[in-house]
$ cat model_5.cif   # mmCIF, C-alpha atoms
data_run
#
loop_
_atom_site.label_atom_id
_atom_site.label_comp_id
_atom_site.auth_asym_id
_atom_site.auth_seq_id
_atom_site.Cartn_x
_atom_site.Cartn_y
_atom_site.Cartn_z
CA MET A 1 0.00 0.00 0.00
CA ARG A 2 1.01 3.63 -0.48
CA PHE A 3 0.53 6.30 2.16
CA LEU A 4 0.53 10.06 1.71
CA ILE A 5 1.44 12.20 4.73
CA ALA A 6 0.30 15.82 4.59
CA GLY A 7 2.59 17.87 6.82
CA PHE A 8 6.03 17.23 8.24
CA GLY A 9 5.83 18.86 11.64
CA SER A 10 6.35 16.86 14.82
CA ILE A 11 3.19 14.77 14.41
CA GLY A 12 3.81 14.18 10.70
CA ARG A 13 7.31 12.96 11.49
CA ARG A 14 5.95 10.67 14.21
CA HIS A 15 3.43 9.12 11.81
CA LEU A 16 6.13 8.64 9.18
CA ARG A 17 8.37 6.80 11.65
CA ASN A 18 5.48 4.64 12.83
CA LEU A 19 4.48 3.72 9.28
CA ARG A 20 8.03 2.55 8.71
CA ALA A 21 8.00 0.66 12.01
CA CYS A 22 4.88 -1.13 10.72
CA GLY A 23 6.68 -2.12 7.51
CA GLN A 24 5.05 0.51 5.30
CA ASN A 25 7.75 2.16 3.17
CA ASP A 26 5.85 3.24 0.05
CA LEU A 27 5.40 6.85 1.15
CA VAL A 28 4.73 10.29 -0.32
CA LEU A 29 4.92 13.66 1.45
CA LEU A 30 2.79 16.73 0.84
CA ARG A 31 4.40 19.69 2.57
CA SER A 32 4.77 23.46 2.46
CA ASN A 33 8.48 23.27 3.37
CA HIS A 34 7.83 25.64 6.29
CA SER A 35 8.63 23.06 8.96
CA THR A 36 11.68 23.75 11.12
CA LEU A 37 12.50 20.04 11.47
CA PRO A 38 15.60 18.55 9.78
CA THR A 39 14.88 16.69 6.54
CA ASP A 40 17.64 14.08 6.59
CA GLU A 41 15.24 11.16 7.16
CA ILE A 42 12.96 12.04 4.23
CA GLY A 43 15.56 12.30 1.49
CA ASP A 44 14.34 9.10 -0.16
CA ILE A 45 10.64 10.05 -0.12
CA PRO A 46 8.88 11.85 -3.01
CA VAL A 47 7.79 15.32 -1.88
CA GLU A 48 4.99 17.34 -3.46
CA THR A 49 3.81 20.84 -2.61
CA GLU A 50 0.42 20.72 -4.37
CA ILE A 51 -2.47 18.43 -3.48
CA ASN A 52 -3.31 17.47 -7.09
CA LYS A 53 0.28 16.34 -7.70
CA ALA A 54 0.30 14.45 -4.41
CA MET A 55 -2.93 12.65 -5.27
CA ALA A 56 -1.47 11.71 -8.65
CA HIS A 57 0.64 9.17 -6.72
CA HIS A 58 -2.66 7.32 -6.02
CA PRO A 59 -2.25 6.76 -2.27
CA ASP A 60 -4.35 4.13 -0.51
CA GLY A 61 -4.22 6.00 2.80
CA VAL A 62 -3.79 9.69 3.58
CA ILE A 63 -2.64 11.08 6.91
CA ILE A 64 -3.75 14.65 7.63
CA ALA A 65 -1.00 16.13 9.82
CA ASN A 66 -0.76 19.70 8.53
CA PRO A 67 -2.09 22.74 10.45
CA THR A 68 -5.78 22.55 11.36
CA ALA A 69 -6.78 25.41 9.03
CA PHE A 70 -5.61 23.39 6.01
CA HIS A 71 -6.99 19.94 6.94
CA LEU A 72 -9.96 20.01 4.59
CA ASP A 73 -7.85 21.18 1.62
CA VAL A 74 -6.30 17.70 1.70
CA ALA A 75 -9.05 15.60 3.25
CA ILE A 76 -11.80 16.44 0.75
CA PRO A 77 -9.81 15.49 -2.41
CA ALA A 78 -8.55 12.37 -0.63
CA ALA A 79 -12.08 11.39 0.38
CA LYS A 80 -13.40 11.91 -3.15
CA ALA A 81 -10.64 9.60 -4.41
CA GLY A 82 -11.77 6.86 -2.02
CA CYS A 83 -8.68 6.96 0.18
CA SER A 84 -8.73 5.94 3.81
CA ILE A 85 -7.95 8.98 5.98
CA LEU A 86 -6.28 9.39 9.36
CA MET A 87 -7.41 12.85 10.44
CA GLU A 88 -5.46 14.57 13.17
CA LYS A 89 -7.70 16.38 15.61
CA PRO A 90 -9.46 18.72 15.32
CA ILE A 91 -11.10 18.24 11.94
CA THR A 92 -11.09 21.93 11.09
CA ASP A 93 -11.46 25.39 12.57
CA GLN A 94 -14.42 25.93 10.19
CA ILE A 95 -17.05 23.53 11.46
CA GLU A 96 -19.57 24.67 8.85
CA LYS A 97 -17.45 22.99 6.13
CA ILE A 98 -17.52 19.49 7.64
CA GLY A 99 -20.60 18.65 5.59
CA GLU A 100 -18.50 18.90 2.42
CA LEU A 101 -16.11 16.30 3.83
CA GLU A 102 -19.03 14.04 4.77
CA SER A 103 -20.32 14.24 1.19
CA ALA A 104 -16.87 13.50 -0.23
CA LEU A 105 -16.49 10.41 1.95
CA LYS A 106 -19.88 9.16 0.84
CA ALA A 107 -19.05 9.76 -2.83
CA GLY A 108 -15.65 8.05 -2.62
CA ASN A 109 -16.73 5.28 -0.23
CA GLY A 110 -13.60 5.87 1.85
CA LYS A 111 -13.07 5.44 5.58
CA LEU A 112 -11.96 8.09 8.07
CA LEU A 113 -10.27 7.51 11.43
CA MET A 114 -10.03 10.43 13.83
CA GLY A 115 -6.63 10.78 15.48
CA PHE A 116 -7.77 10.63 19.11
CA GLN A 117 -4.92 8.38 20.20
CA PHE A 118 -5.89 8.45 23.88
CA ARG A 119 -8.46 5.77 23.06
CA PHE A 120 -5.41 3.49 22.73
CA HIS A 121 -3.96 4.49 26.12
CA PRO A 122 -3.49 1.38 28.30
CA GLY A 123 -4.39 3.37 31.43
CA LEU A 124 -7.68 4.65 30.01
CA ILE A 125 -8.46 1.19 28.64
CA LYS A 126 -7.95 -0.18 32.16
CA ILE A 127 -10.16 2.60 33.60
CA LYS A 128 -12.94 1.61 31.21
CA GLU A 129 -12.56 -2.06 32.12
CA LEU A 130 -12.66 -1.36 35.87
CA MET A 131 -15.78 0.78 35.55
CA GLN A 132 -17.52 -1.92 33.51
CA THR A 133 -16.75 -4.52 36.19
CA GLY A 134 -18.17 -2.27 38.94
CA ALA A 135 -14.87 -1.64 40.74
CA ILE A 136 -16.13 1.73 42.07
CA GLY A 137 -19.85 1.08 41.87
CA ARG A 138 -21.86 3.52 39.78
CA PRO A 139 -19.72 6.44 38.49
CA LEU A 140 -21.08 9.77 39.74
CA SER A 141 -18.53 12.45 38.83
CA PHE A 142 -15.18 13.03 37.12
CA GLN A 143 -12.46 15.65 36.78
CA ALA A 144 -10.25 15.63 33.66
CA CYS A 145 -7.23 17.90 33.38
CA TRP A 146 -4.61 18.62 30.71
CA SER A 147 -2.34 21.48 31.71
CA GLU A 148 1.01 22.05 29.96
CA TYR A 149 3.30 25.03 29.31
CA LEU A 150 3.13 25.82 25.58
CA PRO A 151 6.70 27.21 25.17
CA ASP A 152 8.08 23.85 26.36
CA TRP A 153 6.28 21.77 23.72
CA HIS A 154 8.71 22.21 20.82
CA PRO A 155 11.98 23.68 22.14
CA TRP A 156 13.35 23.89 18.59
CA GLU A 157 10.82 26.53 17.50
CA ASP A 158 9.37 29.86 18.65
CA TYR A 159 6.10 28.90 20.36
CA ARG A 160 4.50 32.14 19.12
CA LYS A 161 4.84 30.91 15.53
CA SER A 162 3.52 27.39 16.15
CA TYR A 163 0.11 26.42 14.84
CA SER A 164 -1.10 25.90 18.42
CA ALA A 165 -0.59 29.61 19.10
CA ARG A 166 -1.97 31.04 15.86
CA LYS A 167 -5.61 31.69 15.10
CA ASP A 168 -4.98 31.72 11.34
CA LEU A 169 -3.70 28.13 11.55
CA GLY A 170 -6.56 26.89 13.75
CA GLY A 171 -4.76 27.01 17.11
CA GLY A 172 -5.99 27.64 20.65
CA VAL A 173 -6.08 25.44 23.72
CA ALA A 174 -9.64 24.13 23.31
CA LEU A 175 -8.98 22.84 19.78
CA THR A 176 -5.36 21.78 20.30
CA LEU A 177 -5.90 19.90 23.59
CA CYS A 178 -9.37 18.59 22.81
CA HIS A 179 -8.62 14.92 23.61
CA PRO A 180 -10.50 14.93 26.95
CA PHE A 181 -13.70 15.97 25.16
CA ASP A 182 -13.39 12.77 23.13
CA TYR A 183 -12.32 10.30 25.82
CA VAL A 184 -14.99 11.58 28.21
CA ARG A 185 -17.65 10.51 25.67
CA TRP A 186 -15.81 7.23 25.02
CA LEU A 187 -15.80 6.44 28.74
CA PHE A 188 -19.09 7.89 29.97
CA GLY A 189 -21.50 8.32 27.06
CA GLU A 190 -23.11 11.38 25.54
CA VAL A 191 -23.23 14.93 26.92
CA ASP A 192 -26.58 16.36 27.98
CA PHE A 193 -25.65 19.88 29.19
CA ILE A 194 -22.40 21.86 28.94
CA TRP A 195 -21.18 25.21 30.27
CA GLY A 196 -17.91 27.01 30.86
CA TYR A 197 -15.28 29.61 30.01
CA ASN A 198 -12.83 29.69 27.10
CA GLY A 199 -10.40 32.59 26.65
CA LYS A 200 -6.95 34.04 27.31
CA ILE A 201 -5.77 34.95 30.82
CA SER A 202 -1.99 34.29 30.89
CA ASP A 203 1.04 36.38 29.86
CA LEU A 204 1.84 34.14 26.89
CA GLU A 205 2.40 36.11 23.69
CA ILE A 206 -0.42 34.52 21.73
CA SER A 207 -3.73 35.71 20.33
CA VAL A 208 -5.71 32.53 20.95
CA ASP A 209 -7.41 31.00 24.00
CA ASP A 210 -5.02 29.62 26.61
CA VAL A 211 -7.56 28.19 29.07
CA ALA A 212 -10.86 26.32 29.00
CA GLU A 213 -12.82 25.54 32.16
CA VAL A 214 -15.77 23.31 31.34
CA GLY A 215 -18.59 21.67 33.22
CA VAL A 216 -20.77 18.89 31.83
CA LYS A 217 -23.75 16.79 32.79
CA MET A 218 -23.92 13.51 30.90
CA GLU A 219 -27.12 11.82 29.71
CA ASN A 220 -26.67 9.19 32.44
CA ASN A 221 -26.66 11.98 35.09
CA LEU A 222 -22.91 11.72 35.74
CA VAL A 223 -21.41 15.20 36.18
CA GLY A 224 -17.85 16.36 35.60
CA SER A 225 -15.34 19.00 34.65
CA ILE A 226 -12.64 19.41 32.01
CA HIS A 227 -9.74 21.82 32.51
CA LEU A 228 -7.31 22.71 29.71
CA ASP A 229 -4.52 25.29 29.73
CA TYR A 230 -1.27 26.32 28.05
CA PHE A 231 0.41 27.89 31.07
CA ARG A 232 1.08 25.30 33.80
CA ARG A 233 4.86 24.98 34.19
CA PHE A 234 4.70 21.37 35.38
CA VAL A 235 2.64 19.05 33.21
CA ARG A 236 -0.58 17.63 34.57
CA ASN A 237 -2.60 15.24 32.45
CA ASP A 238 -4.94 13.03 34.46
CA LEU A 239 -8.48 11.89 35.19
CA GLU A 240 -10.24 11.10 38.46
CA ILE A 241 -13.59 9.33 38.70
CA THR A 242 -15.72 9.10 41.84
CA GLY A 243 -18.29 6.34 42.16
CA THR A 244 -20.75 5.13 44.76
CA GLN A 245 -18.18 2.64 46.08
CA GLY A 246 -14.79 4.18 45.37
CA VAL A 247 -12.41 6.30 43.33
CA LEU A 248 -10.31 5.72 40.20
CA HIS A 249 -7.39 7.89 39.11
CA TRP A 250 -5.41 7.75 35.84
CA ASN A 251 -2.11 9.47 35.19
CA ASN A 252 -1.06 9.89 31.57
CA SER A 253 2.67 10.12 32.24
CA ASP A 254 3.17 6.59 33.57
CA ALA A 255 -0.18 5.02 32.52
CA CYS A 256 -0.78 3.91 36.12
CA VAL A 257 -4.31 3.58 37.48
CA THR A 258 -5.00 3.98 41.21
CA LEU A 259 -8.04 2.28 42.73
CA GLN A 260 -9.66 2.81 46.11
CA ASN A 261 -13.00 1.28 47.04
CA ALA A 262 -15.14 0.47 50.03
CA VAL A 263 -13.90 -3.13 50.11
CA ASN A 264 -10.23 -2.12 50.03
CA PRO A 265 -9.79 1.52 51.19
CA GLU A 266 -6.01 1.44 50.74
CA SER A 267 -4.82 2.66 47.36
CA VAL A 268 -4.03 -0.07 44.84
CA ILE A 269 -1.73 1.05 42.04
CA ILE A 270 -2.25 -0.84 38.78
CA PRO A 271 0.68 -0.34 36.38
CA PRO A 272 0.44 -1.05 32.65
CA ALA A 273 1.29 -4.57 31.52
CA GLU A 274 4.43 -3.23 29.83
CA PRO A 275 6.56 -0.13 30.55
CA PHE A 276 4.69 2.84 29.08
CA GLU A 277 6.14 5.07 26.39
CA ARG A 278 4.06 7.82 24.78
CA ASN A 279 4.64 6.67 21.22
CA GLN A 280 2.84 3.43 22.08
CA LEU A 281 -0.48 5.28 21.63
CA PHE A 282 0.42 6.50 18.15
CA LEU A 283 1.86 3.14 17.11
CA GLU A 284 -1.30 1.29 18.11
CA GLU A 285 -3.35 3.95 16.32
CA MET A 286 -1.25 3.48 13.17
CA LYS A 287 -1.68 -0.30 13.27
CA HIS A 288 -5.42 0.27 13.46
CA PHE A 289 -5.32 2.74 10.56
CA ILE A 290 -3.42 0.28 8.40
CA ALA A 291 -6.12 -2.31 9.13
CA VAL A 292 -8.78 0.28 8.25
CA THR A 293 -7.00 0.99 4.96
CA LYS A 294 -6.94 -2.73 4.19
CA ARG A 295 -10.70 -2.75 4.94
CA GLU A 296 -10.15 -5.34 7.67
CA VAL A 297 -11.84 -3.25 10.39
CA GLU A 298 -14.09 -0.22 10.74
CA PRO A 299 -12.60 2.98 12.22
CA SER A 300 -12.82 2.92 16.02
CA CYS A 301 -13.17 6.71 16.15
CA THR A 302 -15.20 8.23 13.35
CA LEU A 303 -15.77 11.57 11.67
CA HIS A 304 -18.99 11.78 13.69
CA ASP A 305 -16.94 11.53 16.90
CA GLY A 306 -14.69 14.32 15.69
CA LEU A 307 -17.68 16.47 14.79
CA ILE A 308 -19.22 16.07 18.24
CA THR A 309 -15.93 17.10 19.86
CA GLU A 310 -15.92 20.31 17.81
CA GLN A 311 -19.57 20.94 18.61
CA LEU A 312 -18.76 20.60 22.31
CA ILE A 313 -15.94 23.15 21.98
CA ASN A 314 -18.22 25.56 20.14
CA ALA A 315 -20.87 25.05 22.82
CA VAL A 316 -18.38 26.11 25.53
CA LYS A 317 -17.65 29.28 23.58
CA ARG A 318 -21.37 29.98 23.21
CA SER A 319 -21.90 29.31 26.89
CA TRP A 320 -19.41 32.01 27.86
CA ASP A 321 -20.52 34.50 25.20
CA GLU A 322 -24.20 34.10 26.07
CA LYS A 323 -23.71 33.50 29.83
CA ARG A 324 -25.88 30.40 29.87
CA ILE A 325 -25.86 26.62 30.18
CA ILE A 326 -26.09 24.95 26.77
CA ASP A 327 -28.64 22.18 26.29
CA PHE A 328 -26.22 20.23 24.11
CA LYS A 329 -28.55 17.33 23.37
CA LYS A 330 -31.02 19.82 21.95
CA GLU A 331 -28.63 22.26 20.28
CA GLN A 332 -25.72 20.15 18.98
CA ASN A 333 -26.88 20.37 15.39
CA LEU A 334 -26.53 24.15 15.60
CA GLY A 335 -22.72 23.78 15.92
#
$ encode --input "model_5.cif" --output "structure tokens"
Amino acid sequence: MRFLIAGFGSIGRRHLRNLRACGQNDLVLLRSNHSTLPTDEIGDIPVETEINKAMAHHPDGVIIANPTAFHLDVAIPAAKAGCSILMEKPITDQIEKIGELESALKAGNGKLLMGFQFRFHPGLIKIKELMQTGAIGRPLSFQACWSEYLPDWHPWEDYRKSYSARKDLGGGVALTLCHPFDYVRWLFGEVDFIWGYNGKISDLEISVDDVAEVGVKMENNLVGSIHLDYFRRFVRNDLEITGTQGVLHWNNSDACVTLQNAVNPESVIIPPAEPFERNQLFLEEMKHFIAVTKREVEPSCTLHDGLITEQLINAVKRSWDEKRIIDFKKEQNLG
């Protein structure tokens, strides 16, 4: 099979390395040549700068890893051509254009996998398993947090010029760090009501939102919060769930899950089966995408999932602008 990678920033490079690790070496790159990364490892790969020339290589799978604002410029032609697509989150910063992508996928009969790699996290998989077996009784509430200092993300580049910091490229904390919006639905079901704040409060030299503070009530009456920010100097990325009989905690950094319940009040730490390394998530995601491209499996995270995540983000913005709780179940199609 042949794979086209659109974008050679840090995530594009990661996907390229993982494709090779999976034995896929028939590759094509579509890039603007604006990346600050060294190009020594792509010297043997055909590089195109225009989508029509890239598609002329007839790829079987296309990986969308360019800045958010340009996702649909690649995804729509790829969908029309019937390619399988791995779409990095978020889909786009122009939610009103997603319908065009939906139509293109239908016309080309292609498959799209959203790049929410936390669904492959061994710690979150264990959390889901423990909840299903009743380890903490009935879940009642949760707190999800992803807090990380933006200038530390890519030390090799000026954070102010990164796509995460630029509105014209589709940046901002709510879009860039939107994974908790997805895994909350994956773990707990659909959102009923949502409210919160999304804006800029730090001294970072950026023109996009650097914090989101969100409250949700799920359809099953579970309530929770999601906190995202660009300014915490020491990374925090975790989830805590309180149930009728105990508490579960997941830490992204080491993939460990901590369990306390009424039967055993002392904390039990459950490590992953194998030592955890962050790339494991992306490698498992790539294996799944290759299987999707071969038409062996259906995408585990669909365009519809990506659309709901963006509708949730837009609902938070509306909540703050209009100073009200959003009835998401009722209004989600207004996104």
$ closest_residue --input "model_5.cif" --among "A:Gln260, A:Ser32, A:Ser103, A:Thr39" --to "Phe70 (chain A)" --atoms "all atoms listed in the file"
A:Ser32
$ residues_around --input "model_5.cif" --residues "Glu240 (chain A)" --least-positions-apart "6" --cutoff "6 Å" --atoms "all atoms listed in the file" --output "list in words"
Phe142, Gln143, Leu248 and His249 of chain A
$ resolve_selection --input "model_5.cif" --expression "the PyMOL selection byres ((chain A and resi 3) around 9)" --output "VMD selection string"
chain A and resid 1 to 2 4 to 5 19 24 to 29 58 to 63
$ closest_residue --input "model_5.cif" --among "A:Ile241, A:Pro122, A:Ile325, A:Gly12" --to "Ile136 (chain A)" --atoms "all atoms listed in the file"
A:Ile241
$ resolve_selection --input "model_5.cif" --expression "the PyMOL selection byres ((chain A and resi 118) around 9)" --output "number ranges by chain"
A: 115-117, 119-122, 124, 179-180, 182-183, 281-282
$ write_last_selection --input "model_5.cif" --atoms "C-alpha atoms" --output "CSV table (one decimal), in the frame of the given file"
chain,number,residue,atom,x,y,z
A,115,GLY,CA,-6.6,10.8,15.5
A,116,PHE,CA,-7.8,10.6,19.1
A,117,GLN,CA,-4.9,8.4,20.2
A,119,ARG,CA,-8.5,5.8,23.1
A,120,PHE,CA,-5.4,3.5,22.7
A,121,HIS,CA,-4.0,4.5,26.1
A,122,PRO,CA,-3.5,1.4,28.3
A,124,LEU,CA,-7.7,4.6,30.0
A,179,HIS,CA,-8.6,14.9,23.6
A,180,PRO,CA,-10.5,14.9,27.0
A,182,ASP,CA,-13.4,12.8,23.1
A,183,TYR,CA,-12.3,10.3,25.8
A,281,LEU,CA,-0.5,5.3,21.6
A,282,PHE,CA,0.4,6.5,18.2
$ residues_around --input "model_5.cif" --residues "region 225-227 of chain A" --least-positions-apart "6" --cutoff "8 Å" --atoms "all atoms listed in the file" --output "mmCIF file with C-alpha atoms, in the frame of the given file"
data_model
loop_
_atom_site.group_PDB
_atom_site.id
_atom_site.type_symbol
_atom_site.label_atom_id
_atom_site.label_comp_id
_atom_site.auth_asym_id
_atom_site.auth_seq_id
_atom_site.Cartn_x
_atom_site.Cartn_y
_atom_site.Cartn_z
ATOM 1 C CA PHE A 142 -15.180 13.030 37.120
ATOM 2 C CA GLN A 143 -12.460 15.650 36.780
ATOM 3 C CA ALA A 144 -10.250 15.630 33.660
ATOM 4 C CA CYS A 145 -7.230 17.900 33.380
ATOM 5 C CA TRP A 146 -4.610 18.620 30.710
ATOM 6 C CA SER A 147 -2.340 21.480 31.710
ATOM 7 C CA PRO A 180 -10.500 14.930 26.950
ATOM 8 C CA PHE A 181 -13.700 15.970 25.160
ATOM 9 C CA VAL A 211 -7.560 28.190 29.070
ATOM 10 C CA ALA A 212 -10.860 26.320 29.000
ATOM 11 C CA GLU A 213 -12.820 25.540 32.160
ATOM 12 C CA VAL A 214 -15.770 23.310 31.340
ATOM 13 C CA GLY A 215 -18.590 21.670 33.220
ATOM 14 C CA VAL A 216 -20.770 18.890 31.830
#
$ resolve_selection --input "model_5.cif" --expression "the PyMOL selection byres ((chain A and resi 319-322) around 9)" --output "list in words"
Ile194, Trp195, Gly196, Tyr197, Asn198, Asn314, Ala315, Val316, Lys317, Arg318, Lys323, Arg324, Ile325 and Ile326 of chain A
$ atom_distance --input "model_5.cif" --atom1 "CA of Ile85 (chain A)" --atom2 "CA of Arg14 (chain A)"
16.2 Å
$ closest_residue --input "model_5.cif" --among "A:Ala165, A:Leu187, A:Leu177, A:Ala81" --to "Leu204 (chain A)" --atoms "all atoms listed in the file"
A:Ala165
$ residues_near_point --input "model_5.cif" --point "(-14.8, -2.7, 47.4)" --cutoff "10 Å" --atoms "all atoms listed in the file" --output "PyMOL selection string"
chain A and resi 134-137+245-246+259-265
$ residues_near_point --input "model_5.cif" --point "(-9.3, 33.8, 23.1)" --cutoff "8 Å" --atoms "all atoms listed in the file" --output "list in words"
Gly172, Asn198, Gly199, Lys200, Ser207, Val208, Asp209 and Asp210 of chain A
$ decode --input "model_5.cif" --residues "region 157-221 of chain A" --atoms "C-alpha atoms" --output "PDB file, in the first residue's frame"
ATOM      1  CA  GLU A 157      10.823  26.530  17.497  1.00  0.00           C
ATOM      2  CA  ASP A 158       9.368  29.858  18.645  1.00  0.00           C
ATOM      3  CA  TYR A 159       6.101  28.900  20.356  1.00  0.00           C
ATOM      4  CA  ARG A 160       4.501  32.140  19.117  1.00  0.00           C
ATOM      5  CA  LYS A 161       4.843  30.911  15.531  1.00  0.00           C
ATOM      6  CA  SER A 162       3.523  27.395  16.150  1.00  0.00           C
ATOM      7  CA  TYR A 163       0.108  26.421  14.839  1.00  0.00           C
ATOM      8  CA  SER A 164      -1.099  25.898  18.423  1.00  0.00           C
ATOM      9  CA  ALA A 165      -0.593  29.609  19.103  1.00  0.00           C
ATOM     10  CA  ARG A 166      -1.968  31.044  15.862  1.00  0.00           C
ATOM     11  CA  LYS A 167      -5.613  31.693  15.103  1.00  0.00           C
ATOM     12  CA  ASP A 168      -4.975  31.716  11.336  1.00  0.00           C
ATOM     13  CA  LEU A 169      -3.702  28.126  11.552  1.00  0.00           C
ATOM     14  CA  GLY A 170      -6.557  26.888  13.754  1.00  0.00           C
ATOM     15  CA  GLY A 171      -4.762  27.007  17.107  1.00  0.00           C
ATOM     16  CA  GLY A 172      -5.987  27.635  20.647  1.00  0.00           C
ATOM     17  CA  VAL A 173      -6.083  25.438  23.715  1.00  0.00           C
ATOM     18  CA  ALA A 174      -9.641  24.129  23.313  1.00  0.00           C
ATOM     19  CA  LEU A 175      -8.975  22.845  19.785  1.00  0.00           C
ATOM     20  CA  THR A 176      -5.363  21.776  20.295  1.00  0.00           C
ATOM     21  CA  LEU A 177      -5.896  19.902  23.590  1.00  0.00           C
ATOM     22  CA  CYS A 178      -9.369  18.588  22.813  1.00  0.00           C
ATOM     23  CA  HIS A 179      -8.618  14.919  23.614  1.00  0.00           C
ATOM     24  CA  PRO A 180     -10.501  14.934  26.955  1.00  0.00           C
ATOM     25  CA  PHE A 181     -13.698  15.974  25.165  1.00  0.00           C
ATOM     26  CA  ASP A 182     -13.390  12.767  23.133  1.00  0.00           C
ATOM     27  CA  TYR A 183     -12.317  10.302  25.819  1.00  0.00           C
ATOM     28  CA  VAL A 184     -14.995  11.577  28.210  1.00  0.00           C
ATOM     29  CA  ARG A 185     -17.647  10.506  25.666  1.00  0.00           C
ATOM     30  CA  TRP A 186     -15.814   7.231  25.024  1.00  0.00           C
ATOM     31  CA  LEU A 187     -15.797   6.440  28.744  1.00  0.00           C
ATOM     32  CA  PHE A 188     -19.089   7.886  29.967  1.00  0.00           C
ATOM     33  CA  GLY A 189     -21.498   8.321  27.055  1.00  0.00           C
ATOM     34  CA  GLU A 190     -23.112  11.380  25.543  1.00  0.00           C
ATOM     35  CA  VAL A 191     -23.234  14.926  26.922  1.00  0.00           C
ATOM     36  CA  ASP A 192     -26.580  16.359  27.980  1.00  0.00           C
ATOM     37  CA  PHE A 193     -25.651  19.880  29.186  1.00  0.00           C
ATOM     38  CA  ILE A 194     -22.395  21.856  28.938  1.00  0.00           C
ATOM     39  CA  TRP A 195     -21.182  25.209  30.271  1.00  0.00           C
ATOM     40  CA  GLY A 196     -17.909  27.009  30.859  1.00  0.00           C
ATOM     41  CA  TYR A 197     -15.284  29.606  30.006  1.00  0.00           C
ATOM     42  CA  ASN A 198     -12.827  29.688  27.097  1.00  0.00           C
ATOM     43  CA  GLY A 199     -10.405  32.589  26.653  1.00  0.00           C
ATOM     44  CA  LYS A 200      -6.954  34.042  27.309  1.00  0.00           C
ATOM     45  CA  ILE A 201      -5.767  34.945  30.817  1.00  0.00           C
ATOM     46  CA  SER A 202      -1.987  34.295  30.889  1.00  0.00           C
ATOM     47  CA  ASP A 203       1.037  36.379  29.855  1.00  0.00           C
ATOM     48  CA  LEU A 204       1.837  34.136  26.891  1.00  0.00           C
ATOM     49  CA  GLU A 205       2.397  36.115  23.689  1.00  0.00           C
ATOM     50  CA  ILE A 206      -0.421  34.516  21.735  1.00  0.00           C
ATOM     51  CA  SER A 207      -3.726  35.711  20.327  1.00  0.00           C
ATOM     52  CA  VAL A 208      -5.712  32.528  20.953  1.00  0.00           C
ATOM     53  CA  ASP A 209      -7.406  30.996  23.996  1.00  0.00           C
ATOM     54  CA  ASP A 210      -5.021  29.616  26.612  1.00  0.00           C
ATOM     55  CA  VAL A 211      -7.557  28.188  29.072  1.00  0.00           C
ATOM     56  CA  ALA A 212     -10.856  26.319  29.003  1.00  0.00           C
ATOM     57  CA  GLU A 213     -12.822  25.540  32.160  1.00  0.00           C
ATOM     58  CA  VAL A 214     -15.767  23.310  31.344  1.00  0.00           C
ATOM     59  CA  GLY A 215     -18.593  21.670  33.224  1.00  0.00           C
ATOM     60  CA  VAL A 216     -20.771  18.891  31.833  1.00  0.00           C
ATOM     61  CA  LYS A 217     -23.755  16.793  32.786  1.00  0.00           C
ATOM     62  CA  MET A 218     -23.917  13.511  30.900  1.00  0.00           C
ATOM     63  CA  GLU A 219     -27.117  11.821  29.706  1.00  0.00           C
ATOM     64  CA  ASN A 220     -26.667   9.187  32.440  1.00  0.00           C
ATOM     65  CA  ASN A 221     -26.659  11.980  35.095  1.00  0.00           C
TER      66      ASN A 221
END
